[in-house]
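Peer 1: Sharing a structure here in C-alpha cells format.
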Amino acid sequence: MTLPATVPRLTSLSHGGGCGCKIAPGVLAELLRGATAPTAFARLLVGTETSDDAAVYQLNDEQAVIATTDFFMPIVDDPFDFGRIAATNALSDVYAMGGTPIFSLAILGMPIKVLPPEIIRKILRGGEAVCAAAGIPIAGGHSIDSVEPIYGLAAVGLVHPKNVRRNSQARADDVLVLGKALGVGILSAALKKNQLGESGYRTMIDITTRLNTPGPELAKLAGVHAMTDVTGFGLLGHLLEVCRGSRLGARVRMSDLPLLDDVAALATAGLVTGASARNWASYGDEVRLAPGLEIVHKDLLCDPQTSGGLLVACAPEAVADVMKVFARDGFEQAAVIGRMIEGQACVTVDP
C-alpha cells in the first residue's frame, strides 16, 4: 500500500518495531527481580516461573484456559499488514502452549492527531482478518491516544491439561526442531532503511502472518516434551529459557539453521536491529560460540523474530512425526537444529 504524501510512514512514528521493541531480557529480569510468584493458586498450571509464553489455568479435568497478551509498534508501513503481523504474533503464544485460540481482545494505542481514521481502521481490519483465519472473533478491546502507534491482542485459548507444553520440560538428548526460518529482524532493518526489495518484503509478510497452527497437534504427540516460540529475544534467548527451565544445556549447529533468503548478506552489510546487540549483552555470557563463527553469525542467532517459529524439544523417535505435522501445515522450512544435553544451562553453537 502507498500512503498519501501527507501521511507519515508508520515505522517513522516509532523508535522500534515488532518484537524488536521488547525490553531487553537482561533489563526485564532486573525489573521483575523480587516480584512475587503466584504460587498460592493450585489450578494455575503455568505462571511466571520460567518465562513461559502464556498463563494456563485449569478449569476442570478436561479443560485449561490459556491467556496471553502481545502488542508492539509498527514493523512495516502498510497498516493492514501491520495489523496482520501483530495479531499473528499474539496468537502464537496460545499455539506455543499447545492450545487452540477461542477469542481475542484488541489493544490499540494511536496518535489520533497524526494518523487519519482510515489508516487506523486498516490496522484493525488486518487484525480481524488474521483472527477470522484462526476461526475466532475479536470480542472487544481497549484503546488510548498514544504518541507512538501500538497494536496487538489479548488472546484466550483452550487446551486439555495433559497437552499443555511448557518451555521447561525438555529432556537430555531431546532433538530441537525449529518451525520457521530466521531473519525477520534483519529484513525489518533493511525495510526501515529503504533497502528491502519487493521480494524480500513479500517474504517478510508471508512468514510473519503465518499462524503457528501446528502447535495443538504437536502437543498431542507424547514425544514432544517442551515447546516455545522464537520472538524478540532471538533464537538464543528463547532457547536459553528452555535450558534454564529444564536445567539442561543445548547444542545447535549454525549450518543447520534455516535462514530467510538474503538475510546473511544483509546482516554482513550491517543491516541489523539494535535489539540483536541488546539481546547479546543480556545473555552472551551463557553462550559458547565455536571458533570460526563471526559477528554476522551472532547477529543471526540474536536477531529478534516477530511472529517467529515454534521451537520444539522432542524425543529422537518423535522427530519424524514432528516434521510430518509441520509439513502438513505448510512449514516447509522446519528443520532439526540441535539437541538438549546434560550440563549447565548454556547454549553451545557449532559451525
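Residues are referred to by chain and number: the chain letter is A, B, ... according to the order shown in the C-alpha cells, the number counts from 1 in that chain, and ligands are numbered separately from 1 in the order shown.
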Report as a ChimeraX atom specification: the residues of range 73-319 of chain A with a DSSP assignment of helix (DSSP H, G or I), based on the backbone of this structure.

Peer 2: /A:79-96,117-133,161-163,184-192,198-208,214-219,234-246,254-256,263-268,274-286,295-302,316-319

Peer 1: Write a file of the selected residues as a tab-separated table (two decimals), in the first residue's frame, keeping C-alpha atoms.

Peer 2:
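What ended up in selection.tsv:
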chain	number	residue	atom	x	y	z
A	79	PRO	CA	-1.38	-0.58	8.06
A	80	PHE	CA	-3.26	-3.74	7.03
A	81	ASP	CA	-0.04	-5.76	7.08
A	82	PHE	CA	0.92	-4.28	10.46
A	83	GLY	CA	-2.41	-5.40	11.90
A	84	ARG	CA	-2.00	-8.89	10.46
A	85	ILE	CA	1.53	-9.31	11.79
A	86	ALA	CA	0.67	-8.09	15.29
A	87	ALA	CA	-2.36	-10.38	15.54
A	88	THR	CA	-0.49	-13.42	14.24
A	89	ASN	CA	2.29	-12.80	16.73
A	90	ALA	CA	-0.15	-12.51	19.64
A	91	LEU	CA	-1.98	-15.74	18.80
A	92	SER	CA	1.33	-17.59	18.54
A	93	ASP	CA	1.67	-17.78	22.32
A	94	VAL	CA	-1.55	-19.80	22.56
A	95	TYR	CA	-0.32	-22.25	19.92
A	96	ALA	CA	3.08	-22.47	21.64
A	117	PRO	CA	-9.00	7.29	10.77
A	118	GLU	CA	-8.81	5.26	7.55
A	119	ILE	CA	-5.23	4.20	8.38
A	120	ILE	CA	-6.18	3.11	11.88
A	121	ARG	CA	-9.21	1.25	10.56
A	122	LYS	CA	-6.95	-0.69	8.19
A	123	ILE	CA	-4.75	-1.76	11.11
A	124	LEU	CA	-7.84	-3.07	12.88
A	125	ARG	CA	-9.07	-4.81	9.72
A	126	GLY	CA	-5.70	-6.57	9.42
A	127	GLY	CA	-6.04	-7.98	12.92
A	128	GLU	CA	-9.61	-9.03	12.21
A	129	ALA	CA	-8.52	-10.85	9.05
A	130	VAL	CA	-5.99	-12.96	10.94
A	131	CYS	CA	-8.43	-13.77	13.72
A	132	ALA	CA	-11.01	-14.79	11.11
A	133	ALA	CA	-8.42	-17.11	9.57
A	161	PRO	CA	-4.41	-30.12	30.83
A	162	LYS	CA	-2.38	-33.16	29.76
A	163	ASN	CA	-1.48	-31.43	26.47
A	184	VAL	CA	12.75	-11.27	10.25
A	185	GLY	CA	14.54	-8.62	12.30
A	186	ILE	CA	17.21	-8.22	9.62
A	187	LEU	CA	14.56	-7.81	6.91
A	188	SER	CA	12.79	-5.21	9.06
A	189	ALA	CA	16.06	-3.29	9.49
A	190	ALA	CA	16.56	-3.30	5.73
A	191	LEU	CA	12.98	-2.11	5.22
A	192	LYS	CA	13.36	0.79	7.63
A	198	GLU	CA	9.65	-6.30	-3.15
A	199	SER	CA	10.62	-9.98	-2.99
A	200	GLY	CA	12.16	-9.52	0.45
A	201	TYR	CA	9.09	-7.66	1.65
A	202	ARG	CA	6.78	-10.42	0.45
A	203	THR	CA	8.95	-12.99	2.23
A	204	MET	CA	8.75	-10.95	5.41
A	205	ILE	CA	4.96	-10.64	5.23
A	206	ASP	CA	4.45	-14.31	4.36
A	207	ILE	CA	6.40	-15.62	7.34
A	208	THR	CA	5.13	-13.11	9.91
A	214	PRO	CA	0.93	-26.97	14.23
A	215	GLY	CA	1.07	-26.23	17.98
A	216	PRO	CA	-2.02	-28.17	19.14
A	217	GLU	CA	-1.18	-31.25	17.05
A	218	LEU	CA	2.43	-31.21	18.19
A	219	ALA	CA	1.26	-31.04	21.81
A	234	GLY	CA	16.10	-14.25	19.24
A	235	LEU	CA	16.77	-17.97	18.89
A	236	LEU	CA	19.45	-17.96	21.58
A	237	GLY	CA	17.32	-16.05	24.09
A	238	HIS	CA	14.32	-18.33	23.85
A	239	LEU	CA	16.43	-21.48	23.74
A	240	LEU	CA	18.19	-20.31	26.90
A	241	GLU	CA	14.78	-20.04	28.58
A	242	VAL	CA	14.24	-23.70	27.69
A	243	CYS	CA	17.68	-24.53	29.08
A	244	ARG	CA	17.20	-22.66	32.35
A	245	GLY	CA	13.74	-24.06	32.97
A	246	SER	CA	14.79	-27.62	32.10
A	254	MET	CA	24.89	-22.92	12.71
A	255	SER	CA	24.86	-24.62	9.31
A	256	ASP	CA	21.58	-26.37	10.18
A	263	VAL	CA	19.44	-12.25	5.39
A	264	ALA	CA	23.04	-13.39	5.82
A	265	ALA	CA	24.17	-10.92	3.15
A	266	LEU	CA	22.06	-8.14	4.64
A	267	ALA	CA	23.48	-8.80	8.10
A	268	THR	CA	27.00	-8.78	6.70
A	274	GLY	CA	19.68	-2.60	17.79
A	275	ALA	CA	17.76	-5.33	19.63
A	276	SER	CA	20.20	-8.00	18.47
A	277	ALA	CA	23.05	-6.23	20.29
A	278	ARG	CA	20.88	-5.72	23.39
A	279	ASN	CA	19.98	-9.41	23.31
A	280	TRP	CA	23.63	-10.47	23.20
A	281	ALA	CA	24.52	-8.07	26.01
A	282	SER	CA	21.81	-9.71	28.13
A	283	TYR	CA	22.75	-13.36	27.67
A	284	GLY	CA	26.02	-13.62	25.73
A	285	ASP	CA	27.86	-14.95	28.78
A	286	GLU	CA	25.62	-18.03	28.63
A	295	ILE	CA	29.89	-11.38	14.18
A	296	VAL	CA	27.32	-12.00	11.44
A	297	HIS	CA	26.53	-15.41	12.93
A	298	LYS	CA	25.97	-13.78	16.32
A	299	ASP	CA	23.64	-11.27	14.69
A	300	LEU	CA	21.62	-14.09	13.13
A	301	LEU	CA	21.40	-16.02	16.38
A	302	CYS	CA	20.28	-12.95	18.35
A	316	PRO	CA	14.61	-38.64	18.86
A	317	GLU	CA	11.98	-41.21	17.89
A	318	ALA	CA	9.35	-38.45	17.61
A	319	VAL	CA	11.24	-36.30	15.09

Peer 1: Under the rule that only C-alpha atoms are counted, which of A:Arg43, A:Arg165, A:Lys113, A:Arg339 is the nearest residue to Leu178 in chain A?

Peer 2: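 Using only C-alpha atoms, Leu178 in chain A sits closest to A:Arg339.
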
Peer 1: Name the residues in contact with Ile66 in chain A at a cut-off of 12 Å, using only C-alpha atoms, excluding same-chain residues fewer than 2 positions from it; report them as a PyMOL selection string.

Peer 2: chain A and resi 44-47+52-59+63-64+68-69+91-104+154-161+163-166

Peer 1: Just checking: using only C-alpha atoms, which residue out of A:Ala42, A:Val312, A:Ile341, A:Ala335 ends up closest to Leu182 in chain A?

Peer 2: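 Of all the options, A:Ala335 lies closest to Leu182 in chain A.
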
Peer 1: Between A:Gly343, A:Pro304, A:Gly338, A:Gly270, which has the minimum distance to Leu176 in chain A (counting only C-alpha atoms)?

Peer 2: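 Of A:Gly343, A:Pro304, A:Gly338, A:Gly270, the one nearest Leu176 in chain A is A:Gly338, counting only C-alpha atoms.
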
Peer 1: Taking the chain letters and numbering used in this document, name the residues of range 52-247 of chain A that DSSP puts in strand (DSSP E), as a VMD selection string.

Peer 2: chain A and resid 55 to 58 64 to 72 100 to 110 138 to 145 150 to 159 175 to 178 224 to 229

Peer 1: So, counting only C-alpha atoms, which residue among A:Leu311, A:Ala181, A:Ala35, A:Leu108 is closest to Ser146 in chain A?

Peer 2: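 Once distances to Ser146 in chain A are computed over only C-alpha atoms, the minimum belongs to A:Leu108.
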
Peer 1: Within 7 Å of Gln333 in chain A, counting only C-alpha atoms, which residues qualify if same-chain residues fewer than 3 places away don't, as a PyMOL selection string?

Peer 2: chain A and resi 179-181+258

Peer 1: One decimal, in Å: what's the spacing between CA of Glu148 in chain A and CA of Ser14 in chain A?

Peer 2: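 For CA of Glu148 in chain A relative to CA of Ser14 in chain A, the distance reads 5.4 Å.
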
Peer 1: So, counting only C-alpha atoms, which residue among A:Val322, A:Asp70, A:Val224, A:Ala290 is closest to Tyr151 in chain A?

Peer 2: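 Using only C-alpha atoms, the shortest distance to Tyr151 in chain A belongs to A:Asp70.
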